[in-house]
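Novice: Coordinates in run_35.tsv, TSV, C-alpha atoms, are listed below.
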```tsv
chain	number	residue	atom	x	y	z
A	1	MET	CA	102.28	136.72	-28.74
A	2	ALA	CA	105.76	138.04	-27.95
A	3	ARG	CA	107.92	135.93	-25.72
A	4	ILE	CA	109.39	137.39	-22.57
A	5	HIS	CA	113.05	136.61	-22.07
A	6	ILE	CA	115.13	136.47	-18.90
A	7	ILE	CA	118.61	137.42	-20.12
A	8	LYS	CA	121.90	137.93	-18.29
A	9	ARG	CA	122.84	141.60	-18.22
A	10	GLY	CA	126.22	142.38	-16.63
A	11	THR	CA	126.10	141.09	-13.07
A	12	GLY	CA	122.30	140.96	-13.07
A	13	TRP	CA	119.37	139.72	-15.12
A	14	ALA	CA	117.04	141.58	-17.47
A	15	VAL	CA	113.38	141.00	-18.29
A	16	LYS	CA	112.91	141.77	-21.96
A	17	ALA	CA	110.09	141.35	-24.44
A	18	GLU	CA	111.10	139.71	-27.71
A	19	GLY	CA	112.15	142.29	-30.30
A	20	ALA	CA	112.00	145.23	-27.88
A	21	LYS	CA	114.94	147.60	-28.00
A	22	ARG	CA	115.25	147.87	-24.25
A	23	ALA	CA	114.72	145.65	-21.25
A	24	LYS	CA	111.57	146.19	-19.18
A	25	ALA	CA	113.51	145.94	-15.94
A	26	LEU	CA	116.80	144.79	-14.42
A	27	PHE	CA	117.21	142.59	-11.36
A	28	PRO	CA	120.18	141.44	-9.26
A	29	ASN	CA	119.33	137.76	-9.68
A	30	LYS	CA	117.48	135.41	-12.00
A	31	ASP	CA	114.77	134.41	-9.52
A	32	SER	CA	113.58	137.98	-8.97
A	33	ALA	CA	113.65	138.60	-12.75
A	34	LEU	CA	111.50	135.51	-13.32
A	35	LYS	CA	109.00	136.51	-10.63
A	36	SER	CA	108.67	139.94	-12.23
A	37	ALA	CA	108.19	138.40	-15.69
A	38	GLN	CA	105.51	136.08	-14.34
A	39	SER	CA	103.65	139.03	-12.85
A	40	LEU	CA	104.02	141.15	-15.99
A	41	ARG	CA	103.02	138.60	-18.57
A	42	LYS	CA	99.68	138.42	-20.23
A	43	SER	CA	97.97	135.12	-20.84
A	44	GLY	CA	99.56	134.60	-24.27
A	45	ASN	CA	103.18	135.19	-23.30
A	46	ASP	CA	105.72	132.39	-23.04
A	47	ILE	CA	108.62	133.08	-20.68
A	48	VAL	CA	112.04	131.89	-21.80
A	49	VAL	CA	114.68	131.71	-19.08
A	50	HIS	CA	118.19	131.77	-20.51
A	51	LYS	CA	121.46	130.47	-19.11
A	52	ALA	CA	124.38	132.85	-18.70
A	53	ASP	CA	125.72	131.61	-22.05
A	54	GLY	CA	122.53	132.61	-23.89
A	55	THR	CA	121.07	129.13	-24.41
A	56	VAL	CA	117.69	128.08	-23.05
A	57	GLN	CA	117.44	126.90	-19.45
A	58	LYS	CA	113.68	126.73	-19.07
A	59	TRP	CA	110.61	127.53	-21.18
A	60	GLU	CA	107.38	128.41	-19.43
A	61	LYS	CA	104.54	128.03	-21.87
A	62	ALA	CA	101.74	130.59	-21.92
A	63	LYS	CA	98.75	129.75	-19.80
A	64	VAL	CA	95.87	128.65	-22.00
A	65	LYS	CA	92.46	129.73	-20.73
B	1	MET	CA	153.99	128.40	-51.05
B	2	SER	CA	152.19	126.06	-53.41
B	3	ILE	CA	148.63	126.52	-52.15
B	4	GLN	CA	147.04	129.59	-53.74
B	5	ARG	CA	143.37	130.17	-53.04
B	6	THR	CA	141.70	133.54	-53.15
B	7	ALA	CA	137.98	132.73	-53.18
B	8	GLU	CA	136.07	134.77	-50.60
B	9	PHE	CA	139.30	135.99	-49.00
B	10	GLU	CA	137.84	139.37	-48.07
B	11	THR	CA	134.81	137.88	-46.32
B	12	ASN	CA	136.26	134.86	-44.55
B	13	VAL	CA	137.21	134.83	-40.89
B	14	PHE	CA	139.36	131.99	-39.57
B	15	ILE	CA	138.28	130.97	-36.08
B	16	ASN	CA	141.05	129.26	-34.13
B	17	CYS	CA	139.74	128.10	-30.77
B	18	PRO	CA	139.14	125.02	-28.62
B	19	PHE	CA	136.31	122.76	-29.82
B	20	ASP	CA	135.43	121.07	-26.53
B	21	ASP	CA	132.07	121.32	-24.78
B	22	GLU	CA	133.39	123.83	-22.27
B	23	PHE	CA	134.30	126.31	-24.97
B	24	LYS	CA	131.31	125.65	-27.22
B	25	PRO	CA	129.15	128.51	-25.78
B	26	LEU	CA	131.89	130.98	-26.64
B	27	LEU	CA	132.47	129.47	-30.08
B	28	ARG	CA	128.77	129.98	-30.79
B	29	ILE	CA	129.14	133.68	-29.96
B	30	LEU	CA	132.05	133.97	-32.39
B	31	LEU	CA	130.00	132.33	-35.14
B	32	PHE	CA	126.97	134.52	-34.47
B	33	VAL	CA	128.78	137.87	-34.35
B	34	ALA	CA	130.84	137.02	-37.43
B	35	ARG	CA	127.67	136.27	-39.38
B	36	LYS	CA	126.06	139.46	-38.03
B	37	VAL	CA	128.76	141.54	-39.74
B	38	GLY	CA	128.41	139.49	-42.91
B	39	LEU	CA	131.57	137.40	-42.62
B	40	GLN	CA	131.83	133.68	-43.22
B	41	PRO	CA	133.33	131.83	-40.23
B	42	ARG	CA	135.89	129.20	-41.22
B	43	ILE	CA	136.98	126.57	-38.74
B	44	ALA	CA	138.93	123.35	-38.96
B	45	SER	CA	135.88	121.27	-38.07
B	46	GLU	CA	133.46	122.95	-40.52
B	47	LYS	CA	133.17	119.65	-42.33
B	48	PHE	CA	134.37	116.23	-41.38
B	49	ASN	CA	136.25	114.15	-43.88
B	50	SER	CA	138.60	111.57	-42.45
B	51	ALA	CA	140.61	111.70	-45.65
B	52	ASP	CA	141.53	115.33	-45.00
B	53	ILE	CA	144.75	116.00	-43.16
B	54	ARG	CA	143.73	118.49	-40.48
B	55	LEU	CA	146.80	120.68	-40.80
B	56	ASN	CA	146.32	120.99	-44.56
B	57	LYS	CA	142.74	122.03	-43.95
B	58	ILE	CA	143.89	124.71	-41.49
B	59	LEU	CA	146.50	126.03	-43.92
B	60	GLU	CA	143.85	126.20	-46.62
B	61	ILE	CA	141.54	128.20	-44.34
B	62	ILE	CA	144.35	130.57	-43.29
B	63	LEU	CA	145.13	131.30	-46.94
B	64	GLU	CA	141.45	131.89	-47.67
B	65	SER	CA	140.77	134.24	-44.73
B	66	LYS	CA	141.57	137.92	-44.40
B	67	TYR	CA	140.33	138.00	-40.81
B	68	SER	CA	141.20	135.68	-37.97
B	69	ILE	CA	140.20	135.25	-34.37
B	70	HIS	CA	142.56	133.26	-32.17
B	71	ASP	CA	141.39	132.29	-28.72
B	72	LEU	CA	144.39	131.69	-26.45
B	73	SER	CA	142.42	131.86	-23.22
B	74	ARG	CA	143.51	128.35	-22.27
B	75	ASN	CA	147.02	129.44	-21.51
B	76	LYS	CA	146.98	128.12	-17.96
B	77	SER	CA	146.52	124.58	-16.71
B	78	LYS	CA	143.70	124.15	-14.18
B	79	LYS	CA	145.11	121.14	-12.42
B	80	ALA	CA	148.43	119.40	-11.89
B	81	LYS	CA	149.82	117.47	-14.87
B	82	GLU	CA	147.23	118.91	-17.25
B	83	THR	CA	148.77	119.22	-20.69
B	84	PHE	CA	148.81	122.72	-22.11
B	85	ARG	CA	147.28	122.53	-25.56
B	86	MET	CA	149.53	124.14	-28.11
B	87	ASN	CA	147.37	123.90	-31.24
B	88	MET	CA	145.95	127.41	-30.96
B	89	PRO	CA	149.29	129.20	-30.50
B	90	PHE	CA	150.73	127.04	-33.29
B	91	GLU	CA	147.93	128.00	-35.67
B	92	LEU	CA	148.31	131.65	-34.71
B	93	GLY	CA	151.97	131.29	-35.68
B	94	LEU	CA	151.01	129.83	-39.05
B	95	ASP	CA	148.60	132.72	-39.64
B	96	TYR	CA	151.25	135.25	-38.64
B	97	GLY	CA	153.75	133.55	-40.94
B	98	VAL	CA	151.42	134.00	-43.90
B	99	PHE	CA	150.76	137.63	-42.89
B	100	GLN	CA	154.47	138.38	-42.65
B	101	PHE	CA	156.16	136.22	-45.25
B	102	HIS	CA	153.77	135.20	-48.03
B	103	ASP	CA	154.76	136.52	-51.49
B	104	ASP	CA	151.23	137.77	-52.20
B	105	VAL	CA	150.91	141.32	-50.82
B	106	LYS	CA	147.22	140.86	-50.06
B	107	TYR	CA	148.27	138.92	-46.97
B	108	ARG	CA	149.81	142.10	-45.50
B	109	ASN	CA	146.16	143.10	-44.95
B	110	LYS	CA	145.42	140.14	-42.73
B	111	THR	CA	143.69	141.33	-39.57
B	112	MET	CA	143.92	139.34	-36.37
B	113	LEU	CA	142.19	139.37	-33.03
B	114	ILE	CA	143.66	137.43	-30.13
B	115	LEU	CA	141.38	136.56	-27.25
B	116	GLU	CA	142.60	135.93	-23.74
B	117	ASP	CA	140.94	135.12	-20.44
B	118	GLU	CA	142.10	138.01	-18.25
B	119	ALA	CA	143.60	141.25	-19.54
B	120	TYR	CA	147.37	140.97	-20.08
B	121	SER	CA	147.36	137.29	-19.06
B	122	LEU	CA	149.06	136.36	-22.33
B	123	LYS	CA	151.96	138.73	-21.85
B	124	SER	CA	153.78	136.29	-19.61
B	125	ALA	CA	153.09	133.32	-21.88
B	126	ILE	CA	153.74	134.90	-25.28
B	127	SER	CA	155.35	138.30	-25.11
B	128	ASP	CA	155.85	138.50	-28.90
B	129	ILE	CA	152.22	139.15	-29.81
B	130	SER	CA	152.13	142.92	-29.83
B	131	PHE	CA	151.36	142.83	-33.58
B	132	ALA	CA	147.73	141.94	-32.90
B	133	ASP	CA	144.84	143.17	-30.79
B	134	CYS	CA	144.39	141.24	-27.55
B	135	LYS	CA	141.01	141.35	-25.85
B	136	PRO	CA	139.96	139.63	-22.63
B	137	HIS	CA	136.61	137.84	-22.35
B	138	LYS	CA	136.88	136.27	-18.86
B	139	ASN	CA	135.02	133.25	-20.26
B	140	ASP	CA	131.87	135.38	-20.20
B	141	ALA	CA	129.60	135.11	-23.23
B	142	GLU	CA	128.15	138.60	-22.89
B	143	GLN	CA	131.60	140.18	-22.60
B	144	LEU	CA	132.81	138.20	-25.61
B	145	VAL	CA	129.99	139.67	-27.72
B	146	GLU	CA	131.15	143.16	-26.79
B	147	GLU	CA	134.85	142.51	-27.41
B	148	VAL	CA	134.36	140.83	-30.78
B	149	ARG	CA	131.71	143.31	-31.92
B	150	ASN	CA	133.97	146.25	-30.99
B	151	TRP	CA	136.92	144.70	-32.82
B	152	PHE	CA	134.84	144.37	-35.96
B	153	VAL	CA	133.77	148.02	-35.64
B	154	GLU	CA	137.41	149.09	-35.21
B	155	ASN	CA	138.12	147.28	-38.47
B	156	GLY	CA	135.47	149.04	-40.53
B	157	PHE	CA	132.31	147.06	-39.83
B	158	THR	CA	130.49	150.08	-38.47
B	159	ASP	CA	127.01	149.13	-39.65
B	160	ILE	CA	126.23	146.92	-36.68
B	161	GLN	CA	124.08	147.28	-33.56
B	162	GLY	CA	125.45	147.92	-30.11
B	163	PRO	CA	126.75	145.04	-27.97
B	164	SER	CA	123.66	144.75	-25.77
B	165	MET	CA	121.34	144.52	-28.75
B	166	ILE	CA	123.49	141.82	-30.34
B	167	TRP	CA	123.64	139.92	-27.05
B	168	ASP	CA	119.85	140.12	-26.70
B	169	GLU	CA	119.40	138.97	-30.29
B	170	PHE	CA	121.75	136.05	-29.66
B	171	ASN	CA	119.55	135.00	-26.73
B	172	GLU	CA	116.39	135.37	-28.83
B	173	PHE	CA	118.04	133.38	-31.63
B	174	ASN	CA	118.81	130.56	-29.18
B	175	ALA	CA	115.19	130.54	-28.03
B	176	GLU	CA	113.90	130.28	-31.58
B	177	LEU	CA	116.47	127.59	-32.40
B	178	TYR	CA	115.24	125.63	-29.35
B	179	ASN	CA	111.65	126.15	-30.46
B	180	ARG	CA	112.25	125.01	-34.04
B	181	LYS	CA	114.44	122.04	-33.17
B	182	THR	CA	112.24	120.67	-30.40
B	183	LYS	CA	109.32	120.83	-32.84
B	184	GLU	CA	111.47	118.73	-35.19
B	185	GLY	CA	111.83	116.14	-32.43
B	186	PHE	CA	115.17	117.15	-30.91
B	187	LYS	CA	115.61	116.80	-27.15
B	188	SER	CA	116.86	119.93	-25.38
B	189	ASN	CA	120.32	118.48	-24.77
B	190	GLN	CA	120.51	117.56	-28.45
B	191	VAL	CA	119.83	121.19	-29.35
B	192	ASP	CA	122.81	122.14	-27.17
B	193	ARG	CA	124.97	119.62	-29.05
B	194	LEU	CA	124.13	120.64	-32.61
B	195	SER	CA	127.07	120.29	-34.99
B	196	ILE	CA	128.84	123.43	-36.18
B	197	PRO	CA	127.44	123.20	-39.75
B	198	GLU	CA	123.89	122.80	-38.36
B	199	TYR	CA	124.38	125.69	-35.98
B	200	LEU	CA	125.71	127.92	-38.76
B	201	GLU	CA	122.81	126.98	-40.97
B	202	ALA	CA	120.43	127.94	-38.16
B	203	ILE	CA	122.15	131.31	-37.77
B	204	ASN	CA	121.84	131.93	-41.50
B	205	ASP	CA	118.14	131.01	-41.38
B	206	TRP	CA	117.63	133.34	-38.43
B	207	LEU	CA	119.33	136.28	-40.12
B	208	ILE	CA	117.05	135.86	-43.14
B	209	ASN	CA	113.90	135.01	-41.24
B	210	PRO	CA	114.10	135.83	-37.51
B	211	LEU	CA	110.64	134.65	-36.54
```
The structure given in the file should be rewritten as structure tokens.
Specialist:
Amino acid sequence: MARIHIIKRGTGWAVKAEGAKRAKALFPNKDSALKSAQSLRKSGNDIVVHKADGTVQKWEKAKVK
Amino acid sequence: MSIQRTAEFETNVFINCPFDDEFKPLLRILLFVARKVGLQPRIASEKFNSADIRLNKILEIILESKYSIHDLSRNKSKKAKETFRMNMPFELGLDYGVFQFHDDVKYRNKTMLILEDEAYSLKSAISDISFADCKPHKNDAEQLVEEVRNWFVENGFTDIQGPSMIWDEFNEFNAELYNRKTKEGFKSNQVDRLSIPEYLEAINDWLINPL
């Protein structure tokens, strides 16, 4: 299932599904973006939190039922 | 000049920048965006052979590259007694020399981008660089994507996505690189320290087979 990425966007952070053309939502900071991604995700989604340089900071694996 | 090499001239881009860990995130952007427009990045450290004289390698790359990106953002020392590194301005000068003085007229088509930290910050350090485009990146990876992407568009590479889409793809590429490499047994900090040839190979793999 598609990963959800937390990506720097200007001065804020975007929540974006892998391969989507647009971000789902924009947030002023990374923590609020992550909380939104955690609430949005379905059971099969990994969440990838990126650093400001685009590399991976943290990878939250999908919850397996 | 005795060295005459023309192979891949039209599709090579010479990347002249710092190679330390601090600059590595920005170097990765340069490699990624260059490959996105179909160019082959050429850098002094693309392969390591202790028998090579570094300056000869750089001259070879300059003669083989129509495009060049020179990052002169380190034009200020951050602390007292820090030595200002002159390699990048020196190599820009070599590139300009070939552009201006080489007998082969194809070098008049050389196209250069100069990157700086803040807008106009280079003017006080090198006022003689009005021949080339200068773009500021503020050491920000996302801004660098936009500046480099826009420079490529200005130079005819119009078949490329917008800056935000490239930036997002760069992030997704890094996630997939992390995924693939950790499955191969790499630790996360080892993924961050991949060599340039490995990183380029990963970009090429991604562009062929994203997921």
Novice: Env of segment 43-47 of chain B: 8 Å cut, atoms = all atoms listed in the file, seq-sep filter 3 positions within chain, self excluded. Answer as a PDB file with C-alpha atoms, in the frame of the given file.
Specialist:
```
ATOM      1  CA  PHE B  14     139.360 131.990 -39.570  1.00  0.00           C
ATOM      2  CA  ILE B  15     138.280 130.970 -36.080  1.00  0.00           C
ATOM      3  CA  ASN B  16     141.050 129.260 -34.130  1.00  0.00           C
ATOM      4  CA  ARG B  54     143.730 118.490 -40.480  1.00  0.00           C
ATOM      5  CA  LYS B  57     142.740 122.030 -43.950  1.00  0.00           C
ATOM      6  CA  ILE B  58     143.890 124.710 -41.490  1.00  0.00           C
ATOM      7  CA  ILE B  61     141.540 128.200 -44.340  1.00  0.00           C
ATOM      8  CA  ILE B 196     128.840 123.430 -36.180  1.00  0.00           C
ATOM      9  CA  PRO B 197     127.440 123.200 -39.750  1.00  0.00           C
TER      10      PRO B 197
END
```
Novice: Taking all atoms listed in the file into account, produce a table as a Markdown table in which each residue of chain B with an atom at most 8 Å from an atom of chain A appears once, together with its shortest atom pair and the distance in Å to one decimal, ordered by chain and rising number.
Specialist:
```
| residue | atom | partner | partner_atom | distance |
| --- | --- | --- | --- | --- |
| B:Pro25 | CA | A:Asp53 | CA | 5.9 |
| B:Leu26 | CA | A:Asp53 | CA | 7.7 |
| B:Asp140 | CA | A:Asp53 | CA | 7.4 |
| B:Ala141 | CA | A:Asp53 | CA | 5.4 |
| B:Glu142 | CA | A:Asp53 | CA | 7.4 |
| B:Met165 | CA | A:Lys21 | CA | 7.1 |
| B:Asp168 | CA | A:Ile7 | CA | 7.2 |
| B:Glu169 | CA | A:Gly19 | CA | 8.0 |
| B:Phe170 | CA | A:Gly54 | CA | 6.8 |
| B:Asn171 | CA | A:Gly54 | CA | 4.8 |
| B:Glu172 | CA | A:Glu18 | CA | 6.9 |
| B:Asn174 | CA | A:Thr55 | CA | 5.5 |
| B:Ala175 | CA | A:Val56 | CA | 6.1 |
| B:Tyr178 | CA | A:Val56 | CA | 7.2 |
| B:Asp192 | CA | A:Thr55 | CA | 7.7 |
```
Novice: Within 12 Å of Gly156 of chain B, counting all atoms listed in the file, which residues show up once you throw out same-chain ones fewer than 6 positions away? Write them as number ranges by chain, please.
Specialist: B: 37, 111, 149-150
Novice: With C-alpha atoms retained, write the just-selected residues as a short mmCIF file (atom, residue, chain, number, x, y, z; two decimals), in the coordinates of the input.
Specialist:
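As written to disk, out06.cif reads:
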```cif
data_model
loop_
_atom_site.label_atom_id
_atom_site.label_comp_id
_atom_site.auth_asym_id
_atom_site.auth_seq_id
_atom_site.Cartn_x
_atom_site.Cartn_y
_atom_site.Cartn_z
CA VAL B 37 128.76 141.54 -39.74
CA THR B 111 143.69 141.33 -39.57
CA ARG B 149 131.71 143.31 -31.92
CA ASN B 150 133.97 146.25 -30.99
#
```
Novice: Can you tell me how far atom CA of Gln40 of chain B sits from atom CA of Val13 of chain B, in Å to one decimal?
Specialist: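 These two atoms are separated by 6.0 Å.
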Novice: Write out as number ranges by chain which residues come within 6 Å of segment 40-46 of chain A when counting all atoms listed in the file, dropping same-chain ones fewer than 6 positions away.
Specialist: A: 1, 3, 60-63
Novice: Let me see the file: selected residues, C-alpha atoms, as a PDB file, keeping the file's coordinate frame.
Specialist:
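Full text of result12.pdb as output:
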```pdb
ATOM      1  CA  MET A   1     102.280 136.720 -28.740  1.00  0.00           C
ATOM      2  CA  ARG A   3     107.920 135.930 -25.720  1.00  0.00           C
ATOM      3  CA  GLU A  60     107.380 128.410 -19.430  1.00  0.00           C
ATOM      4  CA  LYS A  61     104.540 128.030 -21.870  1.00  0.00           C
ATOM      5  CA  ALA A  62     101.740 130.590 -21.920  1.00  0.00           C
ATOM      6  CA  LYS A  63      98.750 129.750 -19.800  1.00  0.00           C
TER       7      LYS A  63
END
```
Novice: Please provide as an mmCIF file with C-alpha atoms, keeping the file's coordinate frame all residues within 8 Å of Pro28 of chain A, with the sequence filter that same-chain residues fewer than 4 positions apart are discarded (counting all atoms listed in the file).
Specialist:
```cif
data_model
loop_
_atom_site.group_PDB
_atom_site.id
_atom_site.type_symbol
_atom_site.label_atom_id
_atom_site.label_comp_id
_atom_site.auth_asym_id
_atom_site.auth_seq_id
_atom_site.Cartn_x
_atom_site.Cartn_y
_atom_site.Cartn_z
ATOM 1 C CA THR A 11 126.100 141.090 -13.070
ATOM 2 C CA GLY A 12 122.300 140.960 -13.070
ATOM 3 C CA TRP A 13 119.370 139.720 -15.120
ATOM 4 C CA SER A 32 113.580 137.980 -8.970
ATOM 5 C CA ALA A 33 113.650 138.600 -12.750
#
```
